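Here's the structure we're looking at; comments come further down.
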Amino acid sequence: MRKTGEMMTLDELLTKETLTELRIMYSHHFDARNLEGLVDLFTDDAVCEFGPDFGGDWVGKAQIRDNFAGYLESTDRVPFGVLHAVTNPWIRLIDDETANGRWYLHDLFTEEGQESPLGLYGIYDDLYKKVDGRWLIHRTRIDFLWPKRVYTGFRDL
Amino acid sequence: MRKTGEMMTLDELLTKETLTELRIMYSHHFDARNLEGLVDLFTDDAVCEFGPDFGGDWVGKAQIRDNFAGYLESTDRVPFGVLHAVTNPWIRLIDDETANGRWYLHDLFTEEGQESPLGLYGIYDDLYKKVDGRWLIHRTRIDFLWPKRVYTGFRDL
Amino acid sequence: MRKTGEMMTLDELLTKETLTELRIMYSHHFDARNLEGLVDLFTDDAVCEFGPDFGGDWVGKAQIRDNFAGYLESTDRVPFGVLHAVTNPWIRLIDDETANGRWYLHDLFTEEGQESPLGLYGIYDDLYKKVDGRWLIHRTRIDFLWPKRVYTGFRDL
């Protein structure tokens with residue numbers, strides 16, 4: 001396995017940047033309240049492992065759509081009233097069709113009138129799968145850090 | 001058009017990273033109070049569409065220089081008393097010499113003594129043009145979100 | 001020297017992304033309290049120039065390990081009780097085995113119970129060296145901005 005600092009190959013770089021774009025588009029679609037754009041980023045058998053505070057595992061694309069739709073309806077926010085800002089991508093290619101990504105999440109409440117925009121900090125831990133030539137989110141989890149800690153730690157890879 | 005998650009090509013990746021660097025250098029030059037470095041990133045016919053709170057459209061490189069110079073003089077800040085931190089780049093190539101970028105902007109007031117460094121949150125929406133082999137900023141706009149919302153939404157592309 | 005906006009080459013891009021990963025892994029290892037992972041990112045003769053508030057220069061890998069170990073022990077924090085979020089990478093290749101990186105640092109205190117997670121803002125200014133085919137951190141410095149300003153400015157390159 002390549003050590004950090006050893007040169008990555010072109011193939012690795014292209015995959016990593018394609019995965020980076022995938023994770024970033026999750027934020028743009030979610031924050032724009034674009035449900036179909038958001039749900040399109042998941043595999044049919046994806047699992048959102050957001051924990052008991054968010055209803056336990058969301059299993060499969062239909063349930064993921066329903067639960068994101070419910071969340072968007074319940075919040076009744078303007079577009080970009082929340083920003084899911086993401087930094088510090090750490091992406092590891094496991095095999096030709098599996099990859100792991102860990103990202104720092106800065107959840108910002110950006111509605112006008114919000115006293116403090118600092119919503120929460122956490123770490124996304126994603127599994128990506130390549131299905132019919134297209135990388136998608138297969139599993140995603142958040143290590144919640146602040147203000148409430150719900151920490152699982154690293155996935156076994 | 002390539003879907004999110006489909007592999008990008010090397011040409012696309014090289015262009016995207018060149019554009020990423022362009023947007024990031026805007027921040028480094030602006031925050032260093034390096035007026036010439038900043039203005040050099042714009043096309044001669046560029047337009048800064050920062051809205052009525054910033055004097056309406058700034059049209060052409062001469063006016064852009066004047067207005068940034070005025071802004072820098074009026075603030076009288078130390079270098080890096082403001083950070084224009086940017087995350088979540090979403091870059092779309094429109095044709096060989098036109099591209100769009102949307103970025104989350106975290107405007108931080110980082111002068112010593114500042115009680116809260118949270119300045120504003122918004123979204124840059126840029127058009128880039130390739131002129132004589134060099135990518136430059138052709139138009140830039142901000143969807144202001146917090147603390148004051150001045151929201152336009154997506155450009156027609 | 002290439003101007004901002006002129007197309008980067010594949011070789012430059014591969015080096016830049018390898019260096020980006022190096023700087024990001026510093027954060028992941030530091031924040032996970034993974035001392036060996038962190039120290040492994042430095043050259044044997046590296047220098048951490050964190051200034052008088054952090055004990056002056058840390059010279060060589062042995063001292064760097066000792067000082068990071070002492071820091072981790074003294075803080076007694078949970079994993080990811082601090083996030084070293086980094087944005088706005090500006091990476092310049094100086095020669096085949098030397099490069100400079102400047103990054104915006106958002107130091108976040110993310111322990112549960114922390115009233116405000118905003119720790120400090122600054123700018124990393126790194127020198128990277130390629131040793132036996134592997135890029136490592138050779139020197140690193142922080143321009144501290146907020147809440148306490150200790151500002152040096154740009155390195156001579």
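For the structure tokens, the naming scheme is as follows: chains receive sequential letters (A, B, ...) according to their order of presentation, residues are indexed from 1 within each chain, and ligands are indexed from 1 in presentation order.
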
Neighbouring residues of Ser27 in chain B were defined as those with any atom within 12 Å, considering only C-alpha atoms; residues of the same chain fewer than 4 positions away were excluded. Please report them as an MDAnalysis selection string. (chainID B and resid 20:23 31:35 37:39 41 79:80 82:87 105:108 124) or (chainID C and resid 87:90 102:104)

Only residues of chain B matter here; which ones have an atom within 6 Å of chain C, counting only C-alpha atoms? Give them as a PyMOL selection string. chain B and resi 18+22+24+110+112+134-135

Could the residues in this selection be saved with N, CA and C atoms as a short mmCIF file (atom, residue, chain, number, x, y, z; two decimals), in the first residue's frame?
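Saved to selection-v2.cif:
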```
data_model
loop_
_atom_site.label_atom_id
_atom_site.label_comp_id
_atom_site.auth_asym_id
_atom_site.auth_seq_id
_atom_site.Cartn_x
_atom_site.Cartn_y
_atom_site.Cartn_z
N THR B 18 -6.79 23.73 -12.23
CA THR B 18 -6.29 25.07 -12.58
C THR B 18 -7.29 26.14 -12.13
N LEU B 22 -7.06 29.13 -9.22
CA LEU B 22 -7.43 30.52 -9.52
C LEU B 22 -8.31 31.10 -8.41
N ILE B 24 -8.68 30.03 -5.36
CA ILE B 24 -7.96 30.07 -4.08
C ILE B 24 -6.97 31.23 -4.04
N THR B 110 -10.34 38.05 11.36
CA THR B 110 -9.28 37.44 12.16
C THR B 110 -8.31 38.47 12.73
N GLU B 112 -6.81 40.57 15.71
CA GLU B 112 -6.73 40.39 17.16
C GLU B 112 -7.73 41.34 17.82
N ARG B 134 -4.99 31.30 -20.88
CA ARG B 134 -4.97 31.45 -19.42
C ARG B 134 -6.39 31.63 -18.88
N TRP B 135 -6.77 30.81 -17.90
CA TRP B 135 -8.07 30.93 -17.27
C TRP B 135 -8.10 32.12 -16.30
#
```

Quick one: residues within 8 Å of Val47 in chain C, only C-alpha atoms, excluding same-chain residues fewer than 6 positions away - as number ranges by chain? C: 57-60, 64, 138-140

Create the file for the chosen residues now, containing all heavy atoms and written as a PDB file, in the first residue's frame.
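Now in selection31.pdb:
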```pdb
ATOM      1  N   ASP C  57      11.810  26.489  18.331  1.00  0.00           N
ATOM      2  CA  ASP C  57      11.912  25.477  17.273  1.00  0.00           C
ATOM      3  C   ASP C  57      12.015  24.065  17.851  1.00  0.00           C
ATOM      4  O   ASP C  57      12.732  23.828  18.822  1.00  0.00           O
ATOM      5  CB  ASP C  57      13.160  25.743  16.415  1.00  0.00           C
ATOM      6  CG  ASP C  57      12.978  26.932  15.496  1.00  0.00           C
ATOM      7  OD1 ASP C  57      11.856  27.491  15.429  1.00  0.00           O
ATOM      8  OD2 ASP C  57      13.963  27.311  14.832  1.00  0.00           O
ATOM      9  N   TRP C  58      11.305  23.159  17.223  1.00  0.00           N
ATOM     10  CA  TRP C  58      11.453  21.733  17.515  1.00  0.00           C
ATOM     11  C   TRP C  58      12.328  21.173  16.401  1.00  0.00           C
ATOM     12  O   TRP C  58      11.922  21.134  15.244  1.00  0.00           O
ATOM     13  CB  TRP C  58      10.123  20.997  17.517  1.00  0.00           C
ATOM     14  CG  TRP C  58       9.058  21.579  18.406  1.00  0.00           C
ATOM     15  CD1 TRP C  58       9.142  22.666  19.242  1.00  0.00           C
ATOM     16  CD2 TRP C  58       7.708  21.093  18.536  1.00  0.00           C
ATOM     17  NE1 TRP C  58       7.949  22.881  19.881  1.00  0.00           N
ATOM     18  CE2 TRP C  58       7.044  21.926  19.465  1.00  0.00           C
ATOM     19  CE3 TRP C  58       6.993  20.045  17.968  1.00  0.00           C
ATOM     20  CZ2 TRP C  58       5.712  21.750  19.827  1.00  0.00           C
ATOM     21  CZ3 TRP C  58       5.671  19.851  18.324  1.00  0.00           C
ATOM     22  CH2 TRP C  58       5.030  20.693  19.247  1.00  0.00           C
ATOM     23  N   VAL C  59      13.520  20.720  16.731  1.00  0.00           N
ATOM     24  CA  VAL C  59      14.514  20.391  15.708  1.00  0.00           C
ATOM     25  C   VAL C  59      14.749  18.882  15.668  1.00  0.00           C
ATOM     26  O   VAL C  59      15.225  18.289  16.642  1.00  0.00           O
ATOM     27  CB  VAL C  59      15.841  21.125  15.969  1.00  0.00           C
ATOM     28  CG1 VAL C  59      16.878  20.755  14.896  1.00  0.00           C
ATOM     29  CG2 VAL C  59      15.615  22.636  15.983  1.00  0.00           C
ATOM     30  N   GLY C  60      14.431  18.277  14.538  1.00  0.00           N
ATOM     31  CA  GLY C  60      14.697  16.852  14.340  1.00  0.00           C
ATOM     32  C   GLY C  60      13.519  16.003  14.791  1.00  0.00           C
ATOM     33  O   GLY C  60      12.723  16.383  15.654  1.00  0.00           O
ATOM     34  N   ILE C  64      10.632  16.351  17.759  1.00  0.00           N
ATOM     35  CA  ILE C  64       9.255  16.539  17.287  1.00  0.00           C
ATOM     36  C   ILE C  64       8.346  15.470  17.915  1.00  0.00           C
ATOM     37  O   ILE C  64       7.257  15.777  18.404  1.00  0.00           O
ATOM     38  CB  ILE C  64       9.209  16.504  15.738  1.00  0.00           C
ATOM     39  CG1 ILE C  64       9.863  17.782  15.171  1.00  0.00           C
ATOM     40  CG2 ILE C  64       7.783  16.347  15.227  1.00  0.00           C
ATOM     41  CD1 ILE C  64      10.078  17.777  13.673  1.00  0.00           C
ATOM     42  N   HIS C 138       9.294  19.217   5.800  1.00  0.00           N
ATOM     43  CA  HIS C 138      10.653  19.558   6.190  1.00  0.00           C
ATOM     44  C   HIS C 138      10.664  20.726   7.193  1.00  0.00           C
ATOM     45  O   HIS C 138      11.454  20.758   8.127  1.00  0.00           O
ATOM     46  CB  HIS C 138      11.460  19.905   4.945  1.00  0.00           C
ATOM     47  CG  HIS C 138      12.872  20.289   5.215  1.00  0.00           C
ATOM     48  ND1 HIS C 138      13.749  19.472   5.900  1.00  0.00           N
ATOM     49  CD2 HIS C 138      13.564  21.412   4.918  1.00  0.00           C
ATOM     50  CE1 HIS C 138      14.924  20.079   5.992  1.00  0.00           C
ATOM     51  NE2 HIS C 138      14.835  21.253   5.427  1.00  0.00           N
ATOM     52  N   ARG C 139       9.827  21.679   6.975  1.00  0.00           N
ATOM     53  CA  ARG C 139       9.656  22.785   7.930  1.00  0.00           C
ATOM     54  C   ARG C 139       8.174  23.161   7.948  1.00  0.00           C
ATOM     55  O   ARG C 139       7.520  23.154   6.910  1.00  0.00           O
ATOM     56  CB  ARG C 139      10.466  24.021   7.518  1.00  0.00           C
ATOM     57  CG  ARG C 139      11.958  23.816   7.469  1.00  0.00           C
ATOM     58  CD  ARG C 139      12.697  25.137   7.207  1.00  0.00           C
ATOM     59  NE  ARG C 139      12.950  25.857   8.435  1.00  0.00           N
ATOM     60  CZ  ARG C 139      14.064  25.741   9.167  1.00  0.00           C
ATOM     61  NH1 ARG C 139      15.035  24.926   8.786  1.00  0.00           N
ATOM     62  NH2 ARG C 139      14.206  26.436  10.278  1.00  0.00           N
ATOM     63  N   THR C 140       7.672  23.537   9.095  1.00  0.00           N
ATOM     64  CA  THR C 140       6.306  24.062   9.165  1.00  0.00           C
ATOM     65  C   THR C 140       6.221  25.152  10.213  1.00  0.00           C
ATOM     66  O   THR C 140       6.892  25.097  11.246  1.00  0.00           O
ATOM     67  CB  THR C 140       5.265  22.948   9.435  1.00  0.00           C
ATOM     68  OG1 THR C 140       3.958  23.534   9.405  1.00  0.00           O
ATOM     69  CG2 THR C 140       5.477  22.268  10.779  1.00  0.00           C
TER      70      THR C 140
END
```

Please return as a VMD selection string: the residues of range 13-61 of chain C that backbone DSSP assigns to alpha helix (DSSP H). chain C and resid 13 to 31 35 to 39 61

Return the single residue from B:Gly81, B:Gly119, B:Asp156, B:Glu49 that is closest to His28 in chain B, with distances computed using only C-alpha atoms.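 Closest candidate: B:Gly81.
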